[in-house]
file target.cif (mmCIF, C-alpha atoms)
data_input
#
loop_
_atom_site.label_atom_id
_atom_site.label_comp_id
_atom_site.auth_asym_id
_atom_site.auth_seq_id
_atom_site.Cartn_x
_atom_site.Cartn_y
_atom_site.Cartn_z
CA MET A 1 -4.47 -1.52 -18.30
CA LEU A 2 -5.04 0.11 -14.91
CA PHE A 3 -4.85 -3.28 -13.21
CA ALA A 4 -1.56 -4.01 -14.99
CA LEU A 5 -0.17 -0.64 -13.84
CA SER A 6 -1.21 -1.35 -10.26
CA PHE A 7 0.72 -4.63 -10.43
CA LEU A 8 3.74 -2.87 -11.99
CA PHE A 9 3.98 -0.06 -9.43
CA ASN A 10 3.82 -2.48 -6.50
CA PHE A 11 6.12 -5.00 -8.20
CA LEU A 12 8.80 -2.33 -8.73
CA TYR A 13 8.50 -1.29 -5.09
CA GLY A 14 8.97 -4.89 -3.95
CA VAL A 15 11.77 -5.85 -6.34
CA LEU A 16 13.95 -2.94 -5.19
CA LEU A 17 13.80 -4.02 -1.54
CA PRO A 18 16.63 -6.60 -1.93
CA LEU A 19 18.40 -4.76 -4.78
CA VAL A 20 19.07 -1.34 -3.21
CA PRO A 21 21.03 -2.65 -0.16
CA HIS A 22 23.33 -4.61 -2.53
CA LEU A 23 23.77 -1.50 -4.64
CA ASN A 24 24.94 0.62 -1.71
CA SER A 25 24.68 -0.95 1.74
CA GLU A 26 26.07 2.08 3.56
CA ASN A 27 23.39 4.50 2.32
CA ALA A 28 20.51 2.05 1.91
CA GLY A 29 18.79 3.28 5.07
CA TRP A 30 18.72 6.88 3.82
CA ALA A 31 17.49 5.61 0.45
CA PHE A 32 14.45 3.96 2.04
CA THR A 33 13.83 6.99 4.23
CA ALA A 34 13.94 9.28 1.18
CA PHE A 35 11.49 7.00 -0.62
CA LEU A 36 8.94 7.09 2.21
CA LEU A 37 9.37 10.82 2.86
CA PHE A 38 9.00 11.97 -0.74
CA LYS A 39 6.14 9.54 -1.34
CA LEU A 40 4.32 11.10 1.59
CA LEU A 41 5.11 14.71 0.61
CA TRP A 42 4.16 14.22 -3.03
CA PHE A 43 0.62 13.25 -2.06
CA ILE A 44 0.05 16.98 -1.44
CA PRO A 45 0.50 18.19 -5.05
CA ALA A 46 -0.28 14.85 -6.74
CA GLY A 47 -4.04 15.35 -6.63
CA TYR A 48 -3.84 18.83 -8.15
CA VAL A 49 -1.50 17.58 -10.89
CA SER A 50 -3.88 14.73 -11.74
CA ASP A 51 -6.96 16.98 -11.82
CA ARG A 52 -5.14 19.66 -13.79
CA VAL A 53 -3.57 17.63 -16.63
CA GLY A 54 -5.97 14.69 -16.60
CA HIS A 55 -5.51 11.35 -14.87
CA GLY A 56 -4.41 9.51 -18.02
CA THR A 57 -1.76 12.13 -18.77
CA ALA A 58 -0.67 12.04 -15.12
CA LEU A 59 -0.10 8.29 -15.45
CA THR A 60 2.04 8.94 -18.55
CA LEU A 61 4.14 11.37 -16.52
CA THR A 62 4.29 8.83 -13.70
CA LEU A 63 5.74 6.13 -15.94
CA LEU A 64 8.32 8.59 -17.30
CA LEU A 65 9.28 9.61 -13.76
CA GLN A 66 9.47 5.97 -12.64
CA SER A 67 11.78 5.15 -15.57
CA LEU A 68 13.98 8.14 -14.77
CA ALA A 69 14.12 7.15 -11.09
CA LEU A 70 15.31 3.64 -11.94
CA VAL A 71 17.98 4.96 -14.31
CA VAL A 72 19.23 7.39 -11.64
CA ILE A 73 19.36 4.61 -9.01
CA ALA A 74 21.40 2.39 -11.34
CA LEU A 75 23.79 5.04 -12.70
CA PHE A 76 24.42 6.89 -9.44
CA PRO A 77 24.83 4.12 -6.85
CA ASN A 78 26.63 6.46 -4.44
CA TYR A 79 23.46 8.56 -4.17
CA PRO A 80 20.65 5.99 -4.02
CA TRP A 81 18.51 8.34 -1.93
CA PHE A 82 18.06 10.68 -4.93
CA GLY A 83 16.68 8.02 -7.25
CA ARG A 84 14.52 6.55 -4.51
CA ALA A 85 13.09 10.00 -3.75
CA LEU A 86 12.01 10.24 -7.41
CA GLU A 87 10.59 6.72 -7.15
CA GLY A 88 8.57 7.69 -4.07
CA MET A 89 7.08 10.62 -5.99
CA ALA A 90 6.25 8.30 -8.89
CA LEU A 91 4.52 5.75 -6.64
CA ALA A 92 2.46 8.46 -4.94
CA GLN A 93 1.37 9.94 -8.27
CA GLY A 94 0.74 6.54 -9.82
CA THR A 95 -1.37 5.32 -6.91
CA LEU A 96 -3.47 8.46 -6.81
CA SER A 97 -3.99 8.81 -10.57
CA THR A 98 -4.80 5.11 -10.97
CA PHE A 99 -7.61 5.34 -8.43
CA ALA A 100 -8.85 8.62 -9.92
CA LEU A 101 -8.99 7.21 -13.47
CA LEU A 102 -10.66 4.08 -12.16
CA ARG A 103 -13.35 6.32 -10.68
CA LEU A 104 -13.96 7.90 -14.09
CA LEU A 105 -14.37 4.51 -15.74
CA THR A 106 -16.90 3.14 -13.25
CA PRO A 107 -20.51 4.40 -13.48
CA ASP A 108 -21.67 3.50 -9.96
CA ALA A 109 -20.39 2.80 -6.46
CA ALA A 110 -20.90 -0.97 -6.69
CA ALA A 111 -18.81 -1.22 -9.86
CA PHE A 112 -16.14 0.96 -8.28
CA ARG A 113 -15.95 -1.26 -5.19
CA ALA A 114 -15.55 -4.37 -7.36
CA ALA A 115 -12.83 -2.67 -9.43
CA VAL A 116 -10.96 -1.50 -6.32
CA SER A 117 -11.00 -5.07 -5.02
CA LYS A 118 -9.31 -6.32 -8.20
CA LEU A 119 -6.89 -3.39 -8.25
CA LEU A 120 -5.73 -3.99 -4.68
CA GLY A 121 -5.55 -7.74 -5.25
CA LEU A 122 -3.21 -7.34 -8.22
CA GLY A 123 -1.21 -4.72 -6.35
CA GLY A 124 -0.81 -7.20 -3.51
CA LEU A 125 0.43 -9.86 -5.92
CA GLY A 126 2.98 -7.38 -7.25
CA THR A 127 4.23 -6.66 -3.75
CA ILE A 128 4.60 -10.40 -3.08
CA ALA A 129 6.30 -11.22 -6.39
CA GLY A 130 8.68 -8.26 -6.34
CA PRO A 131 11.07 -9.29 -3.55
CA ALA A 132 11.22 -12.90 -4.78
CA VAL A 133 12.16 -11.78 -8.29
CA GLY A 134 14.67 -9.31 -6.86
CA TYR A 135 16.51 -12.05 -4.97
CA LEU A 136 16.48 -14.34 -8.02
CA LEU A 137 18.00 -11.64 -10.25
CA LEU A 138 20.70 -10.49 -7.81
CA PRO A 139 23.42 -12.69 -9.42
CA TYR A 140 23.09 -10.61 -12.61
CA GLY A 141 24.13 -7.47 -10.74
CA PRO A 142 21.80 -4.85 -9.21
CA GLU A 143 22.72 -2.09 -11.71
CA ARG A 144 21.94 -4.28 -14.71
CA VAL A 145 18.69 -5.52 -13.19
CA ILE A 146 17.50 -2.01 -12.32
CA LEU A 147 18.21 -0.77 -15.84
CA GLY A 148 16.20 -3.74 -17.09
CA LEU A 149 13.34 -2.64 -14.85
CA ALA A 150 13.57 0.84 -16.39
CA ALA A 151 13.21 -0.72 -19.85
CA LEU A 152 10.22 -2.74 -18.59
CA THR A 153 8.60 0.46 -17.31
CA LEU A 154 9.12 2.17 -20.67
CA GLY A 155 7.44 -0.84 -22.30
CA PHE A 156 4.43 -0.30 -20.05
CA LEU A 157 4.50 3.38 -21.04
CA VAL A 158 4.18 2.41 -24.71
CA LEU A 159 1.28 0.07 -23.90
CA HIS A 160 -0.39 2.79 -21.85
CA LEU A 161 -0.13 5.28 -24.72
CA CYS A 162 -1.49 2.73 -27.18
CA TYR A 163 -4.34 1.87 -24.83
CA ARG A 164 -5.27 5.54 -24.47
CA ARG A 165 -5.34 6.04 -28.24
CA GLN A 166 -7.60 3.02 -28.72
CA ALA A 167 -9.99 3.88 -25.91
CA PRO A 168 -13.40 5.19 -27.03
CA ALA A 169 -14.04 8.83 -26.19
CA THR A 170 -17.23 8.42 -24.18
CA THR A 171 -18.68 10.54 -21.44
CA LEU A 172 -20.31 8.80 -18.51
CA ALA A 173 -23.06 10.32 -16.41
CA PHE A 174 -22.07 10.35 -12.76
CA ALA A 175 -24.34 10.38 -9.77
CA VAL A 176 -22.39 12.07 -6.99
CA GLU A 177 -23.43 10.51 -3.70
CA LYS A 178 -23.53 12.41 -0.45
CA LYS A 179 -21.29 10.65 2.03
CA LYS A 180 -21.44 10.96 5.80
CA GLY A 181 -18.93 8.32 6.86
CA MET A 182 -15.82 9.65 5.13
CA LEU A 183 -14.00 10.86 8.24
CA TRP A 184 -14.70 7.58 10.00
CA PHE A 185 -13.28 5.54 7.14
CA ALA A 186 -10.19 7.78 7.04
CA LEU A 187 -9.69 7.46 10.81
CA GLY A 188 -10.10 3.69 10.71
CA LEU A 189 -7.77 3.27 7.74
CA THR A 190 -5.14 5.36 9.53
CA ALA A 191 -5.26 3.01 12.53
CA ALA A 192 -5.29 -0.09 10.32
CA LYS A 193 -2.22 1.07 8.36
CA ALA A 194 -0.38 1.96 11.56
CA LEU A 195 -0.98 -1.57 12.84
CA ALA A 196 -0.36 -3.59 9.66
CA ILE A 197 2.59 -1.61 8.29
CA GLY A 198 4.00 -0.56 11.64
CA TRP A 199 4.34 -4.17 12.82
CA GLU A 200 6.18 -5.41 9.67
CA PRO A 201 9.79 -4.68 10.78
CA ASN A 202 9.12 -6.46 14.08
CA LEU A 203 7.59 -9.42 12.26
CA ALA A 204 10.78 -9.80 10.22
CA TRP A 205 12.89 -9.73 13.40
CA TRP A 206 10.59 -12.00 15.43
CA ALA A 207 10.48 -14.63 12.67
CA GLN A 208 14.13 -15.49 13.30
CA ALA A 209 14.98 -14.14 16.74
CA SER A 210 11.84 -15.30 18.57
CA ILE A 211 10.22 -17.99 16.43
CA GLY A 212 13.56 -19.49 15.38
CA LEU A 213 12.96 -19.77 11.64
CA SER A 214 15.74 -19.97 9.07
CA SER A 215 16.14 -17.10 6.60
CA ALA A 216 14.37 -18.99 3.82
CA VAL A 217 11.45 -20.06 6.00
CA ALA A 218 11.22 -16.62 7.62
CA GLY A 219 10.65 -15.19 4.16
CA LEU A 220 7.59 -17.40 3.84
CA SER A 221 6.04 -15.41 6.68
CA PHE A 222 5.55 -12.45 4.36
CA LEU A 223 4.36 -14.73 1.58
CA VAL A 224 1.59 -15.99 3.89
CA LEU A 225 0.84 -12.42 4.95
CA GLY A 226 0.69 -11.21 1.34
CA LEU A 227 -1.41 -14.07 -0.03
CA ALA A 228 -3.87 -13.65 2.84
CA PHE A 229 -4.07 -9.93 2.03
CA VAL A 230 -4.93 -10.72 -1.59
CA ALA A 231 -7.58 -13.23 -0.48
CA GLY A 232 -9.12 -10.65 1.84
CA SER A 233 -9.13 -7.93 -0.81
CA LEU A 234 -10.97 -10.21 -3.23
CA ARG A 235 -13.61 -11.12 -0.61
CA PRO A 236 -14.07 -7.90 1.40
CA HIS A 237 -16.80 -8.86 3.88
CA ALA A 238 -16.94 -6.44 6.81
CA TRP A 239 -18.33 -9.06 9.22
CA LEU A 240 -15.00 -10.94 8.97
CA THR A 241 -12.89 -8.03 10.29
CA PRO A 242 -13.06 -9.18 13.97
CA LEU A 243 -10.65 -11.96 12.90
CA ALA A 244 -7.93 -9.35 13.38
CA PHE A 245 -8.23 -9.70 17.16
CA LEU A 246 -7.60 -13.46 16.89
CA GLY A 247 -4.64 -12.76 14.62
CA PHE A 248 -3.11 -10.22 16.99
CA LEU A 249 -3.61 -12.49 20.00
CA GLY A 250 -2.10 -15.36 17.98
CA LEU A 251 1.05 -13.38 17.26
CA GLU A 252 1.62 -12.63 20.93
CA TYR A 253 0.82 -16.25 21.81
CA ALA A 254 3.46 -17.39 19.31
CA LEU A 255 6.02 -15.04 20.88
CA GLU A 256 5.29 -16.63 24.25
CA GLY A 257 6.45 -19.99 22.87
CA ALA A 258 3.51 -21.44 20.92
CA VAL A 259 5.37 -21.39 17.59
CA TRP A 260 2.55 -23.17 15.74
CA ALA A 261 0.35 -20.08 16.20
CA TRP A 262 2.70 -17.93 14.09
CA TRP A 263 1.34 -19.05 10.70
CA PRO A 264 -2.44 -18.87 11.30
CA ALA A 265 -1.94 -15.55 13.10
CA LEU A 266 -0.15 -14.04 10.09
CA ALA A 267 -2.86 -15.36 7.78
CA LEU A 268 -5.62 -13.81 9.90
CA VAL A 269 -3.87 -10.42 10.13
CA GLY A 270 -3.18 -10.33 6.39
CA PHE A 271 -6.74 -11.40 5.57
CA TRP A 272 -8.16 -8.70 7.85
CA TYR A 273 -5.96 -6.00 6.35
CA GLY A 274 -6.96 -6.95 2.80
CA ILE A 275 -10.64 -6.71 3.74
CA TYR A 276 -10.20 -3.46 5.62
CA VAL A 277 -8.18 -1.61 3.00
CA THR A 278 -10.54 -2.65 0.20
CA ILE A 279 -13.66 -1.49 2.02
CA ALA A 280 -12.16 1.78 3.28
CA VAL A 281 -10.45 2.73 0.01
CA SER A 282 -13.52 1.98 -2.09
CA ARG A 283 -15.66 4.17 0.17
CA LEU A 284 -13.12 7.00 0.37
CA GLY A 285 -12.37 6.95 -3.36
CA TRP A 286 -15.97 7.29 -4.57
CA ASN A 287 -16.48 11.04 -4.88
CA ASP A 288 -17.16 13.85 -7.30
CA PRO A 289 -14.99 13.11 -10.37
CA GLU A 290 -14.33 16.81 -10.89
CA LYS A 291 -12.19 16.96 -7.76
CA ILE A 292 -11.31 13.33 -7.13
CA GLY A 293 -7.57 13.94 -7.39
CA ARG A 294 -7.52 16.56 -4.64
CA HIS A 295 -9.89 14.46 -2.54
CA ASN A 296 -7.68 11.37 -2.83
CA SER A 297 -4.50 13.31 -2.08
CA LEU A 298 -5.91 14.48 1.25
CA TRP A 299 -7.03 11.11 2.61
CA MET A 300 -3.97 9.27 1.27
CA LEU A 301 -1.66 11.78 2.93
CA GLY A 302 -3.58 11.73 6.19
CA THR A 303 -3.80 7.95 6.48
CA ASP A 304 -0.13 7.39 5.54
CA LEU A 305 1.40 9.93 7.93
CA PRO A 306 1.06 8.12 11.30
CA MET A 307 2.29 4.75 9.98
CA THR A 308 5.69 6.27 9.19
CA PHE A 309 6.38 6.75 12.91
CA VAL A 310 4.96 3.53 14.39
CA PRO A 311 7.85 1.26 13.25
CA ALA A 312 10.37 3.44 15.10
CA ILE A 313 8.30 3.26 18.29
CA LEU A 314 7.52 -0.43 18.05
CA TRP A 315 11.10 -1.45 17.29
CA GLY A 316 12.04 -0.53 20.84
CA TRP A 317 9.21 -2.76 22.10
CA ARG A 318 10.15 -5.95 20.27
CA GLY A 319 11.29 -7.74 23.44
CA GLN A 320 8.92 -9.61 25.76
CA ASP A 321 9.66 -7.09 28.50
CA ALA A 322 7.55 -4.61 26.50
CA VAL A 323 4.62 -6.94 25.87
CA THR A 324 2.23 -4.73 27.89
CA ALA A 325 3.07 -1.67 25.78
CA ARG A 326 2.57 -3.68 22.58
CA TRP A 327 -0.78 -4.98 23.79
CA ALA A 328 -1.93 -1.46 24.66
CA LEU A 329 -0.92 -0.01 21.30
CA GLY A 330 -2.08 -2.98 19.21
CA LEU A 331 -5.46 -3.42 20.83
CA GLY A 332 -5.96 0.34 20.87
CA LEU A 333 -5.34 0.59 17.12
CA LEU A 334 -7.56 -2.44 16.46
CA GLY A 335 -10.32 -0.91 18.55
CA ILE A 336 -10.15 2.41 16.70
CA ALA A 337 -10.06 0.66 13.32
CA SER A 338 -13.02 -1.60 14.13
CA LEU A 339 -15.25 1.03 15.70
CA SER A 340 -14.49 3.53 12.94
CA LEU A 341 -15.29 1.03 10.19
CA TRP A 342 -18.67 0.09 11.61
CA ARG A 343 -19.50 3.69 12.46
CA GLY A 344 -18.56 4.73 8.91
CA LEU A 345 -20.66 1.97 7.35
CA TRP A 346 -23.61 2.92 9.53
CA ARG A 347 -23.30 6.62 8.67
CA ASP A 348 -22.81 5.83 4.99
CA SER A 349 -25.93 3.65 4.89
CA ARG A 350 -28.01 6.55 6.24
CA ALA A 351 -26.73 9.06 3.68
CA PRO A 352 -29.32 10.18 1.11
CA SER A 353 -28.66 9.02 -2.46
#
call {"tool": "encode", "arguments": {"input": "target.cif", "output": "structure tokens"}}
result
Amino acid sequence: MLFALSFLFNFLYGVLLPLVPHLNSENAGWAFTAFLLFKLLWFIPAGYVSDRVGHGTALTLTLLLQSLALVVIALFPNYPWFGRALEGMALAQGTLSTFALLRLLTPDAAAFRAAVSKLLGLGGLGTIAGPAVGYLLLPYGPERVILGLAALTLGFLVLHLCYRRQAPATTLAFAVEKKKGMLWFALGLTAAKALAIGWEPNLAWWAQASIGLSSAVAGLSFLVLGLAFVAGSLRPHAWLTPLAFLGFLGLEYALEGAVWAWWPALALVGFWYGIYVTIAVSRLGWNDPEKIGRHNSLWMLGTDLPMTFVPAILWGWRGQDAVTARWALGLGLLGIASLSLWRGLWRDSRAPS
């Protein structure tokens, strides 16, 4: 059920991307800003809520809040920022509580890493499928579609409640490992998110303005990026992470006129990000189950904060006159991410069990 919820949360995020601007184009920008801001801020109390009421109960509250958010977005189209703020809170709580409950259901670090890989893979598929479904359903009217999504979420709530009632009440014995590489993984994930998420608005602009793709073909850029992310998350081998440098160089090479390099570069960047996120999240999320909610809230908040500012900076550097600045920032972030990952793995391997 947790894997299905991971798909749902990411699917709802993706499907609203094309729907909200058609609901209220004038205030769509503020709606997306409210979503990101409240998602970030809610990471602070989300961990305490999850630890306090229980992670399963927190997911129940999350699905109720998500349903309410969708209803508010549909019924109050002149104030889309309010509903999207509630949705941001729901996504933050859902992400955190899903990982926390997953930790409780996995008896050792190896099983947790395998489960995180599947969780992120399905979440990636939801993010890919969401926008495509949103565009397909637009002719039915955004309000009607969003209310349908609210009904879908309530259906998942019923399944979640049924699943919880049928689950055996067992207590697992946990071996809490001492970790020494946590700060390194957090630092590296912060840099990786700033690069992967921060570059996305520019990728959308470059696909048409610089590479010369039509709208339909430009959309395939993110499909390639997303599928490569899923592939990387399912095969998270750390030794493959240097491929990110080839991907970054390929993007800049494509912008210089070698259009053919666009597609393999996107695939390499997406593949790297899938590997990186899976490794870092699995290491950061394995902790004492008694305080896993609070622990997750801290590293999720910290690693998400910088990436909210990078798109604004990078948007002003989308022209080829700013290629030097892009190279400095991109290679700098890649360097921090790479060195932090290997340092974290080395420190983690030396920690006593």
call {"tool": "resolve_selection", "arguments": {"input": "target.cif", "expression": "the PyMOL selection byres ((chain A and resi 181) around 8)", "output": "JSON, numbers by chain"}}
result
{"A": [179, 180, 182, 183, 184, 185, 343, 344, 345, 346, 347, 348]}
call {"tool": "residues_around", "arguments": {"input": "target.cif", "residues": "Leu41 in chain A", "least_positions_apart": "2", "cutoff": "10 Å", "atoms": "only C-alpha atoms", "output": "list in words"}}
result
Leu36, Leu37, Phe38, Lys39, Phe43, Ile44, Pro45, Ala46, Gly88, Met89, Ala92, Leu301 and Leu305 of chain A
call {"tool": "write_last_selection", "arguments": {"input": "target.cif", "atoms": "C-alpha atoms", "output": "compact mmCIF listing (two decimals), in the coordinates of the input"}}
result
# COMPACT_ATOMS: atom_id res chain seq x y z
CA LEU A 36 8.94 7.09 2.21
CA LEU A 37 9.37 10.82 2.86
CA PHE A 38 9.00 11.97 -0.74
CA LYS A 39 6.14 9.54 -1.34
CA PHE A 43 0.62 13.25 -2.06
CA ILE A 44 0.05 16.98 -1.44
CA PRO A 45 0.50 18.19 -5.05
CA ALA A 46 -0.28 14.85 -6.74
CA GLY A 88 8.57 7.69 -4.07
CA MET A 89 7.08 10.62 -5.99
CA ALA A 92 2.46 8.46 -4.94
CA LEU A 301 -1.66 11.78 2.93
CA LEU A 305 1.40 9.93 7.93
call {"tool": "atom_distance", "arguments": {"input": "target.cif", "atom1": "CA of Ala265 in chain A", "atom2": "CA of Trp299 in chain A"}}
result
29.1 Å
call {"tool": "resolve_selection", "arguments": {"input": "target.cif", "expression": "the PyMOL selection byres ((chain A and resi 336) around 10)", "output": "ChimeraX atom specification"}}
result
/A:184,187-192,331-335,337-341
call {"tool": "resolve_selection", "arguments": {"input": "target.cif", "expression": "the PyMOL selection byres ((chain A and resi 124) around 8)", "output": "compact mmCIF listing (two decimals) with C-alpha atoms, in the coordinates of the input"}}
result
# COMPACT_ATOMS: atom_id res chain seq x y z
CA PHE A 7 0.72 -4.63 -10.43
CA ASN A 10 3.82 -2.48 -6.50
CA LEU A 120 -5.73 -3.99 -4.68
CA GLY A 121 -5.55 -7.74 -5.25
CA LEU A 122 -3.21 -7.34 -8.22
CA GLY A 123 -1.21 -4.72 -6.35
CA LEU A 125 0.43 -9.86 -5.92
CA GLY A 126 2.98 -7.38 -7.25
CA THR A 127 4.23 -6.66 -3.75
CA ILE A 128 4.60 -10.40 -3.08
CA GLY A 226 0.69 -11.21 1.34
CA LEU A 227 -1.41 -14.07 -0.03
CA PHE A 229 -4.07 -9.93 2.03
CA VAL A 230 -4.93 -10.72 -1.59
call {"tool": "closest_residue", "arguments": {"input": "target.cif", "among": "A:Leu149, A:Leu64, A:Ile197, A:Val49", "to": "Thr308 in chain A", "atoms": "all atoms listed in the file"}}
result
A:Ile197
call {"tool": "residues_around", "arguments": {"input": "target.cif", "residues": "Ala261 in chain A", "least_positions_apart": "6", "cutoff": "12 Å", "atoms": "all atoms listed in the file", "output": "ChimeraX atom specification"}}
result
/A:211,246-255,267-268
call {"tool": "closest_atom_pairs", "arguments": {"input": "target.cif", "of": "range 185-295 of chain A", "to": "range 112-116 of chain A", "cutoff": "9 Å", "atoms": "all atoms listed in the file", "output": "JSON lines"}}
result
{"residue": "A:Ser233", "atom": "CA", "partner": "A:Val116", "partner_atom": "CA", "distance": 8.7}
{"residue": "A:Leu234", "atom": "CA", "partner": "A:Ala114", "partner_atom": "CA", "distance": 8.5}
{"residue": "A:Thr278", "atom": "CA", "partner": "A:Val116", "partner_atom": "CA", "distance": 6.6}
{"residue": "A:Ile279", "atom": "CA", "partner": "A:Arg113", "partner_atom": "CA", "distance": 7.6}
{"residue": "A:Val281", "atom": "CA", "partner": "A:Val116", "partner_atom": "CA", "distance": 7.6}
{"residue": "A:Ser282", "atom": "CA", "partner": "A:Arg113", "partner_atom": "CA", "distance": 5.1}
{"residue": "A:Arg283", "atom": "CA", "partner": "A:Arg113", "partner_atom": "CA", "distance": 7.6}
{"residue": "A:Gly285", "atom": "CA", "partner": "A:Phe112", "partner_atom": "CA", "distance": 8.6}
{"residue": "A:Trp286", "atom": "CA", "partner": "A:Phe112", "partner_atom": "CA", "distance": 7.3}
call {"tool": "write_last_selection", "arguments": {"input": "target.cif", "atoms": "C-alpha atoms", "output": "PDB file, in the frame of the given file"}}
result
ATOM      1  CA  SER A 233      -9.130  -7.930  -0.810  1.00  0.00           C
ATOM      2  CA  LEU A 234     -10.970 -10.210  -3.230  1.00  0.00           C
ATOM      3  CA  THR A 278     -10.540  -2.650   0.200  1.00  0.00           C
ATOM      4  CA  ILE A 279     -13.660  -1.490   2.020  1.00  0.00           C
ATOM      5  CA  VAL A 281     -10.450   2.730   0.010  1.00  0.00           C
ATOM      6  CA  SER A 282     -13.520   1.980  -2.090  1.00  0.00           C
ATOM      7  CA  ARG A 283     -15.660   4.170   0.170  1.00  0.00           C
ATOM      8  CA  GLY A 285     -12.370   6.950  -3.360  1.00  0.00           C
ATOM      9  CA  TRP A 286     -15.970   7.290  -4.570  1.00  0.00           C
TER      10      TRP A 286
END
call {"tool": "atom_distance", "arguments": {"input": "target.cif", "atom1": "CA of Thr33 in chain A", "atom2": "CA of Met307 in chain A"}}
result
13.1 Å
call {"tool": "closest_residue", "arguments": {"input": "target.cif", "among": "A:Glu200, A:Glu256, A:Asp108, A:Glu143", "to": "Ile73 in chain A", "atoms": "only C-alpha atoms"}}
result
A:Glu143
call {"tool": "atom_distance", "arguments": {"input": "target.cif", "atom1": "CA of Ala280 in chain A", "atom2": "CA of Trp239 in chain A"}}
result
13.8 Å
call {"tool": "residues_around", "arguments": {"input": "target.cif", "residues": "Tyr13 in chain A", "least_positions_apart": "4", "cutoff": "9 Å", "atoms": "all atoms listed in the file", "output": "PyMOL selection string"}}
result
chain A and resi 8-9+17+87+91+126-127+130-131
